[in-house]
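Source file my_file_17.cif; content: mmCIF, C-alpha atoms.
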```cif
data_model
#
loop_
_atom_site.label_atom_id
_atom_site.label_comp_id
_atom_site.auth_asym_id
_atom_site.auth_seq_id
_atom_site.Cartn_x
_atom_site.Cartn_y
_atom_site.Cartn_z
CA MET A 1 68.49 39.72 -36.78
CA ARG A 2 67.85 41.25 -40.20
CA ILE A 3 68.20 45.03 -40.03
CA LEU A 4 67.23 47.50 -42.74
CA GLN A 5 68.83 50.94 -42.83
CA VAL A 6 67.17 53.58 -45.03
CA ILE A 7 69.23 56.72 -45.69
CA PRO A 8 68.85 59.30 -48.51
CA SER A 9 72.50 59.06 -49.63
CA TYR A 10 75.20 56.60 -48.73
CA PHE A 11 78.78 56.78 -49.84
CA PRO A 12 81.06 56.33 -46.82
CA ALA A 13 83.96 58.06 -48.50
CA ILE A 14 86.06 61.06 -47.61
CA ARG A 15 83.84 63.90 -48.81
CA TYR A 16 80.84 62.91 -46.73
CA GLY A 17 80.52 63.15 -42.99
CA GLY A 18 78.08 62.99 -40.14
CA PRO A 19 75.08 60.72 -40.76
CA ILE A 20 76.67 58.69 -43.57
CA PHE A 21 79.84 57.89 -41.63
CA ALA A 22 77.82 57.10 -38.51
CA THR A 23 75.34 54.87 -40.35
CA HIS A 24 78.09 52.90 -42.06
CA ALA A 25 80.16 52.53 -38.89
CA LEU A 26 77.10 51.32 -36.98
CA SER A 27 76.10 48.93 -39.76
CA LYS A 28 79.62 47.51 -40.02
CA ALA A 29 79.76 46.98 -36.25
CA LEU A 30 76.36 45.26 -36.31
CA VAL A 31 77.57 42.90 -39.05
CA ALA A 32 80.62 42.08 -36.93
CA ARG A 33 78.23 41.15 -34.12
CA GLY A 34 76.46 38.62 -36.36
CA HIS A 35 73.54 40.58 -37.79
CA ALA A 36 72.53 40.90 -41.45
CA VAL A 37 72.39 44.57 -42.40
CA GLU A 38 71.13 46.00 -45.68
CA VAL A 39 70.99 49.64 -46.74
CA TYR A 40 68.48 51.15 -49.18
CA THR A 41 69.66 54.49 -50.54
CA THR A 42 69.99 56.70 -53.61
CA GLY A 43 72.92 57.12 -55.98
CA ALA A 44 75.00 59.63 -54.07
CA THR A 45 77.92 61.29 -55.79
CA GLY A 46 81.16 59.47 -55.04
CA GLU A 47 84.78 60.53 -54.85
CA ASN A 48 85.13 60.82 -58.64
CA GLY A 49 82.21 63.25 -58.89
CA ALA A 50 79.91 60.74 -60.65
CA PRO A 51 76.71 59.32 -59.18
CA THR A 52 76.87 55.79 -57.86
CA PRO A 53 75.04 53.67 -60.47
CA PRO A 54 71.91 51.77 -59.43
CA GLY A 55 72.60 48.27 -58.22
CA ARG A 56 73.84 46.19 -55.31
CA GLN A 57 77.22 46.60 -53.64
CA GLU A 58 78.82 45.19 -50.53
CA MET A 59 80.92 47.36 -48.21
CA ASP A 60 82.54 45.85 -45.13
CA GLY A 61 79.90 43.12 -45.06
CA VAL A 62 77.03 45.63 -45.39
CA VAL A 63 74.80 45.06 -48.43
CA VAL A 64 73.95 48.41 -50.07
CA HIS A 65 71.18 48.84 -52.66
CA TYR A 66 71.48 52.00 -54.77
CA PHE A 67 68.58 53.56 -56.69
CA GLY A 68 68.45 56.39 -59.19
CA THR A 69 67.10 59.90 -58.52
CA GLU A 70 66.31 61.43 -61.89
CA TRP A 71 63.91 64.06 -60.55
CA PHE A 72 63.70 66.08 -57.32
CA ARG A 73 67.21 65.08 -56.27
CA ARG A 74 67.22 67.48 -53.34
CA LEU A 75 64.44 65.36 -51.82
CA ALA A 76 66.22 62.11 -52.84
CA TRP A 77 63.04 61.07 -54.67
CA ALA A 78 63.61 57.55 -56.00
CA PRO A 79 60.43 55.72 -57.09
CA SER A 80 62.39 52.54 -57.88
CA LEU A 81 63.58 52.45 -54.25
CA GLY A 82 59.99 52.59 -53.08
CA ARG A 83 58.86 49.84 -55.46
CA GLU A 84 61.58 47.39 -54.47
CA LEU A 85 61.40 48.24 -50.78
CA GLY A 86 57.67 47.59 -50.83
CA GLY A 87 58.31 43.99 -51.81
CA GLU A 88 61.26 43.42 -49.48
CA ILE A 89 60.51 45.27 -46.25
CA GLY A 90 58.58 42.36 -44.75
CA LYS A 91 61.79 40.28 -44.72
CA PHE A 92 63.41 42.51 -42.11
CA ASN A 93 62.96 42.43 -38.34
CA VAL A 94 63.43 46.16 -37.84
CA VAL A 95 63.69 49.29 -40.01
CA HIS A 96 66.03 52.14 -39.05
CA LEU A 97 65.42 55.46 -40.84
CA GLN A 98 68.48 57.70 -40.87
CA SER A 99 67.24 61.22 -41.60
CA VAL A 100 64.27 63.56 -41.75
CA PHE A 101 62.93 66.01 -44.38
CA LEU A 102 63.70 63.63 -47.26
CA TRP A 103 61.60 61.28 -49.39
CA PRO A 104 63.24 57.91 -48.49
CA THR A 105 62.47 58.47 -44.81
CA TRP A 106 58.81 59.20 -45.54
CA LYS A 107 58.54 56.20 -47.88
CA GLY A 108 60.35 53.88 -45.46
CA ALA A 109 58.08 54.88 -42.57
CA ARG A 110 54.95 54.45 -44.65
CA LEU A 111 55.98 51.01 -45.94
CA ALA A 112 57.05 49.85 -42.46
CA ARG A 113 53.63 50.74 -41.09
CA SER A 114 51.89 48.94 -43.96
CA ALA A 115 54.02 45.82 -43.40
CA ASN A 116 53.57 45.99 -39.61
CA ARG A 117 57.32 46.30 -39.10
CA PRO A 118 58.73 48.33 -36.19
CA TYR A 119 60.78 51.32 -37.22
CA ILE A 120 63.14 53.72 -35.50
CA VAL A 121 63.92 57.27 -36.67
CA SER A 122 67.32 58.93 -36.19
CA PRO A 123 66.85 62.66 -37.02
CA ARG A 124 70.64 63.17 -36.90
CA GLY A 125 70.44 66.72 -35.62
CA MET A 126 68.06 67.97 -38.33
CA LEU A 127 65.11 68.68 -36.02
CA VAL A 128 66.22 71.77 -34.13
CA LYS A 129 63.80 74.70 -33.96
CA ASP A 130 66.49 77.35 -34.21
CA LEU A 131 68.07 75.76 -37.31
CA ILE A 132 64.67 75.45 -38.99
CA ARG A 133 64.02 79.15 -38.37
CA ARG A 134 67.36 80.04 -39.96
CA ARG A 135 67.14 77.90 -43.08
CA ASN A 136 64.12 77.16 -45.35
CA ARG A 137 61.66 77.80 -42.55
CA ALA A 138 58.49 77.80 -44.64
CA VAL A 139 59.33 74.64 -46.60
CA LYS A 140 60.50 72.67 -43.57
CA SER A 141 57.56 73.79 -41.44
CA ALA A 142 55.15 72.58 -44.12
CA TRP A 143 56.99 69.27 -44.46
CA ILE A 144 56.86 68.77 -40.68
CA ALA A 145 53.14 69.46 -40.55
CA LEU A 146 52.26 67.23 -43.50
CA ILE A 147 54.77 64.39 -43.18
CA GLU A 148 57.49 64.39 -40.53
CA LYS A 149 55.39 64.78 -37.42
CA SER A 150 53.34 61.71 -38.35
CA ASN A 151 56.48 59.71 -39.21
CA LEU A 152 57.89 60.40 -35.77
CA GLN A 153 54.69 59.85 -33.82
CA HIS A 154 54.13 56.41 -35.37
CA ALA A 155 57.71 55.23 -34.82
CA SER A 156 58.48 52.53 -32.25
CA ALA A 157 61.24 54.77 -30.88
CA ILE A 158 63.33 57.79 -31.77
CA HIS A 159 67.10 57.59 -31.57
CA ALA A 160 69.04 60.68 -30.43
CA THR A 161 72.83 60.82 -30.30
CA SER A 162 72.92 63.10 -27.25
CA GLU A 163 70.73 64.37 -24.45
CA ARG A 164 70.87 67.77 -26.10
CA GLU A 165 69.32 66.38 -29.28
CA ALA A 166 66.66 64.63 -27.21
CA GLN A 167 65.76 67.92 -25.51
CA ASP A 168 65.64 69.69 -28.89
CA LEU A 169 63.04 67.16 -30.05
CA LEU A 170 60.92 67.58 -26.93
CA ARG A 171 60.77 71.36 -27.50
CA PHE A 172 58.40 70.81 -30.42
CA GLY A 173 55.77 69.81 -27.88
CA TRP A 174 54.57 66.77 -29.81
CA THR A 175 53.35 63.49 -28.37
CA LEU A 176 56.29 61.29 -29.30
CA PRO A 177 57.35 57.69 -28.79
CA PRO A 178 60.24 57.06 -26.37
CA ILE A 179 63.46 58.93 -27.23
CA VAL A 180 66.52 56.75 -26.56
CA THR A 181 69.95 58.35 -26.43
CA ILE A 182 72.83 56.34 -27.91
CA PRO A 183 75.91 58.39 -28.87
CA ASN A 184 78.11 57.90 -31.90
CA GLY A 185 81.33 55.96 -31.62
CA ILE A 186 84.83 56.44 -32.96
CA GLU A 187 87.11 54.30 -35.10
CA ALA A 188 90.88 54.19 -35.00
CA GLU A 189 92.70 55.53 -38.06
CA THR A 190 96.22 54.40 -38.89
CA PRO A 191 98.20 57.02 -40.82
CA ALA A 192 99.79 55.68 -43.99
CA GLY A 193 101.72 57.56 -46.64
CA ALA A 194 103.19 61.01 -46.93
CA VAL A 195 101.61 64.25 -45.79
CA SER A 196 100.45 66.49 -48.66
CA SER A 197 102.48 69.61 -49.36
CA ASP A 198 99.60 72.02 -48.66
CA VAL A 199 98.95 70.39 -45.28
CA SER A 200 102.66 70.58 -44.41
CA ALA A 201 102.71 74.26 -45.39
CA ALA A 202 99.57 75.08 -43.38
CA THR A 203 100.93 73.40 -40.25
CA ARG A 204 104.53 74.58 -40.27
CA ASP A 205 103.70 77.46 -37.91
CA ARG A 206 103.28 76.22 -34.33
CA PRO A 207 101.49 76.11 -32.00
CA TYR A 208 98.17 76.10 -33.79
CA ALA A 209 94.49 75.63 -33.04
CA LEU A 210 92.62 73.39 -35.46
CA PHE A 211 89.14 73.36 -36.93
CA LEU A 212 88.50 70.28 -39.07
CA GLY A 213 85.15 69.62 -40.69
CA ARG A 214 82.75 70.88 -43.31
CA LEU A 215 83.04 74.64 -43.81
CA SER A 216 79.47 75.61 -42.99
CA TRP A 217 77.72 78.56 -41.36
CA LYS A 218 76.39 76.07 -38.81
CA LYS A 219 79.92 75.44 -37.51
CA GLY A 220 80.34 79.02 -36.31
CA LEU A 221 83.59 79.71 -38.16
CA ASP A 222 83.02 83.46 -38.12
CA ARG A 223 82.70 83.21 -34.33
CA LEU A 224 85.93 81.24 -34.22
CA ILE A 225 87.85 83.89 -36.17
CA HIS A 226 86.45 86.69 -34.02
CA ALA A 227 87.53 84.78 -30.92
CA PHE A 228 90.96 84.02 -32.35
CA SER A 229 91.57 87.70 -32.99
CA ARG A 230 91.70 88.04 -29.18
CA VAL A 231 94.22 85.21 -28.75
CA GLY A 232 97.70 86.59 -28.30
CA GLU A 233 99.72 83.58 -29.42
CA GLY A 234 99.72 80.91 -32.11
CA PHE A 235 97.97 80.23 -35.38
CA LEU A 236 94.64 78.88 -36.58
CA VAL A 237 94.21 76.18 -39.24
CA ILE A 238 90.73 75.72 -40.76
CA ALA A 239 90.42 72.62 -42.95
CA GLY A 240 87.49 70.98 -44.69
CA THR A 241 85.22 70.73 -47.70
CA ASP A 242 83.89 74.14 -48.70
CA ASP A 243 80.54 73.36 -50.32
CA GLU A 244 79.09 76.71 -49.17
CA GLY A 245 81.91 78.90 -50.50
CA LEU A 246 82.86 80.27 -47.09
CA SER A 247 86.63 80.37 -47.45
CA ARG A 248 86.70 83.73 -49.24
CA PRO A 249 84.51 85.62 -46.73
CA LEU A 250 86.42 84.00 -43.86
CA LEU A 251 89.72 85.21 -45.31
CA LYS A 252 88.27 88.69 -45.70
CA LEU A 253 87.09 88.65 -42.09
CA SER A 254 90.58 87.60 -40.99
CA ALA A 255 92.09 90.49 -42.93
CA ASP A 256 89.57 92.96 -41.51
CA LEU A 257 90.51 91.81 -38.00
CA GLY A 258 94.23 92.11 -38.74
CA ILE A 259 95.06 88.40 -38.29
CA ALA A 260 95.26 87.20 -41.90
CA ASP A 261 98.90 86.20 -41.39
CA ARG A 262 97.88 83.88 -38.54
CA ILE A 263 95.08 82.04 -40.38
CA HIS A 264 95.57 79.12 -42.78
CA ILE A 265 92.53 77.79 -44.64
CA LEU A 266 92.61 74.44 -46.45
CA ALA A 267 89.35 74.50 -48.40
CA ARG A 268 89.31 70.87 -49.42
CA THR A 269 88.37 67.45 -48.15
CA VAL A 270 91.07 66.12 -45.83
CA SER A 271 91.43 62.43 -44.98
CA GLY A 272 93.88 59.67 -44.14
CA THR A 273 97.43 60.72 -43.33
CA ASP A 274 96.67 64.42 -43.87
CA LYS A 275 93.81 64.29 -41.41
CA GLN A 276 95.81 62.49 -38.76
CA HIS A 277 98.74 64.89 -39.21
CA LEU A 278 96.42 67.84 -38.61
CA TYR A 279 95.10 66.29 -35.40
CA ARG A 280 98.43 65.07 -34.08
CA SER A 281 100.42 68.26 -34.69
CA ALA A 282 97.79 70.71 -33.38
CA ARG A 283 97.81 72.06 -29.83
CA VAL A 284 94.01 72.35 -29.45
CA PHE A 285 90.86 71.57 -31.44
CA ALA A 286 88.13 74.22 -31.74
CA LEU A 287 84.47 73.87 -32.71
CA PRO A 288 82.11 76.77 -31.84
CA SER A 289 79.02 75.34 -33.58
CA HIS A 290 75.62 77.00 -33.42
CA SER A 291 74.04 73.56 -33.13
CA GLU A 292 75.34 70.02 -33.49
CA ASN A 293 73.52 66.85 -32.53
CA PHE A 294 76.87 65.20 -31.79
CA GLY A 295 80.12 66.33 -33.46
CA ASN A 296 82.16 63.30 -34.55
CA THR A 297 85.33 65.33 -35.03
CA VAL A 298 85.36 66.12 -31.31
CA LEU A 299 85.82 62.43 -30.49
CA GLU A 300 88.33 62.02 -33.32
CA ALA A 301 90.45 64.79 -31.79
CA MET A 302 90.16 63.40 -28.27
CA ARG A 303 91.11 59.90 -29.40
CA VAL A 304 94.58 61.09 -30.45
CA GLY A 305 95.11 63.12 -27.27
CA LEU A 306 94.14 66.54 -28.60
CA PRO A 307 92.27 68.74 -26.11
CA VAL A 308 89.10 70.40 -27.41
CA VAL A 309 87.36 73.74 -26.92
CA ILE A 310 83.70 73.58 -27.96
CA THR A 311 80.40 75.32 -27.35
CA PRO A 312 77.57 73.89 -25.21
CA GLU A 313 75.40 73.56 -28.34
CA LEU A 314 77.25 70.36 -29.30
CA GLY A 315 75.84 67.02 -28.22
CA SER A 316 79.36 65.75 -27.53
CA ALA A 317 79.79 68.47 -24.89
CA GLU A 318 78.41 65.94 -22.41
CA ILE A 319 81.27 63.55 -23.21
CA VAL A 320 83.93 66.28 -23.11
CA ALA A 321 82.78 67.35 -19.64
CA LYS A 322 82.61 63.78 -18.38
CA ALA A 323 86.06 62.92 -19.76
CA GLY A 324 87.78 66.14 -18.73
CA GLY A 325 89.15 66.28 -22.27
CA GLY A 326 88.78 70.00 -22.86
CA ALA A 327 86.67 73.07 -22.22
CA VAL A 328 82.99 73.66 -22.93
CA VAL A 329 82.49 77.42 -23.12
CA ALA A 330 80.05 79.91 -24.58
CA ALA A 331 80.78 81.25 -28.06
CA GLU A 332 81.17 84.78 -26.69
CA PRO A 333 84.54 85.82 -28.23
CA ALA A 334 86.32 86.74 -25.00
CA LEU A 335 85.38 83.48 -23.26
CA PHE A 336 86.17 81.24 -26.22
CA ALA A 337 89.44 83.09 -26.81
CA ALA A 338 90.52 82.68 -23.17
CA ALA A 339 90.06 78.90 -23.38
CA LEU A 340 92.02 78.66 -26.64
CA ASP A 341 94.74 80.95 -25.31
CA ARG A 342 95.38 78.79 -22.25
CA PHE A 343 95.91 75.64 -24.30
CA LEU A 344 98.11 77.44 -26.84
CA ARG A 345 100.30 78.99 -24.14
CA ASP A 346 100.53 76.07 -21.70
CA HIS A 347 101.84 72.97 -23.44
CA GLU A 348 101.82 70.81 -20.30
CA PHE A 349 98.23 71.69 -19.49
CA ALA A 350 97.26 70.86 -23.06
CA LYS A 351 99.02 67.48 -22.84
CA GLU A 352 97.41 66.54 -19.52
CA THR A 353 93.93 67.49 -20.72
CA GLY A 354 94.44 65.69 -24.01
CA HIS A 355 95.57 62.51 -22.26
CA ALA A 356 92.44 62.54 -20.08
CA GLY A 357 90.20 62.77 -23.14
CA GLU A 358 92.17 60.07 -24.96
CA ARG A 359 91.87 57.62 -22.07
CA TYR A 360 88.12 58.13 -21.82
CA VAL A 361 87.36 57.81 -25.53
CA ARG A 362 89.52 54.73 -26.03
CA GLN A 363 87.88 52.98 -23.08
CA ASN A 364 84.26 53.96 -23.68
CA CYS A 365 83.48 55.10 -27.22
CA SER A 366 84.04 52.19 -29.61
CA TRP A 367 81.52 51.45 -32.36
CA ASP A 368 81.16 47.95 -30.94
CA ALA A 369 79.82 49.49 -27.72
CA VAL A 370 77.41 51.61 -29.76
CA ALA A 371 76.24 48.57 -31.74
CA SER A 372 75.71 46.67 -28.49
CA ALA A 373 73.49 49.45 -27.17
CA MET A 374 71.59 49.63 -30.45
CA GLU A 375 71.00 45.86 -30.28
CA ILE A 376 69.15 46.37 -27.00
CA LEU A 377 66.88 48.94 -28.62
CA TYR A 378 66.27 46.80 -31.71
CA ARG A 379 65.34 43.76 -29.62
CA LYS A 380 62.90 45.78 -27.53
CA VAL A 381 61.02 47.16 -30.52
CA VAL A 382 61.04 43.82 -32.37
CA SER A 383 59.55 42.03 -29.35
CA ARG A 384 57.11 44.95 -28.89
CA ARG A 385 58.37 45.42 -25.36
CA ARG A 386 58.04 48.79 -23.71
CA VAL A 387 60.89 51.13 -24.57
CA SER A 388 61.77 53.55 -21.80
CA PRO A 389 63.01 57.08 -22.60
CA GLU A 390 66.56 56.58 -21.45
CA SER A 391 70.22 56.73 -22.33
CA ILE A 392 71.54 53.24 -23.02
CA GLY A 393 74.79 54.19 -24.74
CA GLN A 394 78.10 53.61 -23.01
CA CYS A 395 80.02 56.67 -24.23
#
```

Translate this file's structure into structure tokens.
Amino acid sequence: MRILQVIPSYFPAIRYGGPIFATHALSKALVARGHAVEVYTTGATGENGAPTPPGRQEMDGVVVHYFGTEWFRRLAWAPSLGRELGGEIGKFNVVHLQSVFLWPTWKGARLARSANRPYIVSPRGMLVKDLIRRRNRAVKSAWIALIEKSNLQHASAIHATSEREAQDLLRFGWTLPPIVTIPNGIEAETPAGAVSSDVSAATRDRPYALFLGRLSWKKGLDRLIHAFSRVGEGFLVIAGTDDEGLSRPLLKLSADLGIADRIHILARTVSGTDKQHLYRSARVFALPSHSENFGNTVLEAMRVGLPVVITPELGSAEIVAKAGGGAVVAAEPALFAAALDRFLRDHEFAKETGHAGERYVRQNCSWDAVASAMEILYRKVVSRRRVSPESIGQC
């Protein structure tokens, strides 16, 4: 099968997360299963801070076509992408659009309809009413009315990564095609090399709770610090890329709450050996997000035997509950603090819970299993068979 992925930016390197990692991991797994996968995208900024030049590259067997975005970069507007895609889209069996609110998704949907090619949309957690109200409400509401609603309604199917995301989509009250739930997977990482000095310094105090991910308001880091101020033992390490400049206000909040000496913030991208060291030396992983369609870091933590404490607003809460790999609790400070406190105080309980999560993730949440489930969906839409609103993922 020839599969086309359209995503606004694509650079599966350390500074990017979420949709890009998931799209590349899925594409790589599909290639391993014998499919031809090509990605059409814009010139995202890479690790060296420079845009990826236009052209064709191959990554792990996935053919990636990059196009320039000279104007309206926030919308990923790339006319050259549209021109080339218009001539090539008919060569693919199925089109998979990996985003909403951005120009490549709109263009990909429009061209797929013109070429009579089935397409699937993965909103990747971007269509949540509460998040739209909080950020750029007027602009996003207009975009939905003029563009996104039609893109979704004409799709062959919509892909959600969790039942929570599927329910968020249904709350808009639109007449939608079938929503199929297939979760993200997880890849093994083998540590190699020495741990960086700043990571060693941040983790020398034990036991510690860990947050690892992009430092964003959406992740509820202020809620985490408020909760941790009620925890009587241990330390908190917060690590991740700080594109929103949150580290300074978070440090001030820690000082105001009298726990600045128990908080370590690594405001940088963490990967490889450093990332694995953070996971493997922590006592518990914490993620009190306001909303998260999945939460890849939750599975990463569970895979190495680290118990997790997360809020119900995460799509991966379903997996945590099923696996018994941690606690799913409300973000109310006293409740979240009590869950963290138990893991920090009781090492044996933390180990037992972590082992349960590790067993489940290793057995059920590989990217090959995700690709297998996605194959079923692709074949249904290509053959124009009826797609039932269902969960066909194995994790």

**Asked** So what does the PyMOL selection byres ((chain A and resi 307) around 6) actually pick up in this one, as a PyMOL selection string?
**Response** chain A and resi 284+306+308+325-326+353-354

**Request:** Run the PyMOL selection byres ((chain A and resi 332) around 10) mentally over the shown coordinates, then write out the matched residues as a VMD selection string, using the chain letters and numbers from the document.
**Result:** chain A and resid 223 to 224 226 to 227 288 311 329 to 331 333 to 337

**Request:** Determine the residue membership of the PyMOL selection byres ((chain A and resi 67) around 12) for the file above and supply it as number ranges by chain.
**Result:** A: 6-10, 39-44, 51-57, 64-66, 68-70, 73, 76-85, 104

**Message:** When you count all atoms listed in the file, which of these residues is closest to Gly173 in chain A: A:Thr269, A:Leu212, A:Lys149, A:Val31?
**Reply:**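 The closest residue to Gly173 in chain A is A:Lys149.
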
**Prompt:** Which residue gives the smallest distance to Arg268 in chain A among A:Val199, A:Leu299, A:Leu253, A:Ala209, with only C-alpha atoms counted?
**Reply:** A:Val199

**Asked** Separation of CA of His290 in chain A and CA of His159 in chain A, in Å?
**Response**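 Calculated distance between CA of His290 in chain A and CA of His159 in chain A is 21.3 Å.
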
**Request:** To one decimal in Å, tell me the separation between CA of Thr105 in chain A and CA of Phe92 in chain A.
**Result:**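 Here the two named atoms are 16.2 Å from each other.
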
**Prompt:** Which residue gives the smallest distance to Met302 in chain A among A:Val387, A:Ala188, A:Ser247, A:Arg206, with only C-alpha atoms counted?
**Reply:** A:Ala188

**Prompt:** For Arg164 in chain A, which residue among A:Gly90, A:Gly125, A:Pro249, A:Gly18 is the nearest when counting all atoms listed in the file?
**Reply:**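 Ranking A:Gly90, A:Gly125, A:Pro249, A:Gly18 by distance to Arg164 in chain A, first place goes to A:Gly125.
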
**Item:** Option closest in space to Phe211 in chain A, from A:Gly295, A:Gly232, A:Pro178, A:Gly324 [counting only C-alpha atoms]
**Value:** A:Gly295

**Asked** Smallest atom-to-atom distance to Lys322 in chain A: which of A:Leu170, A:Ala350, A:Ala115, A:Cys395, using only C-alpha atoms?
**Response** A:Cys395

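Our summary of the geometry notes that CA of Asp261 in chain A is positioned 14.7 Å from CA of Arg248 in chain A.
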
**Message:** Could you list, as a ChimeraX atom specification, every residue within 9 Å of Lys351 in chain A, counting only C-alpha atoms and ignoring same-chain residues fewer than 4 positions away?
**Reply:** /A:283,305-307,343,346-347,355-356
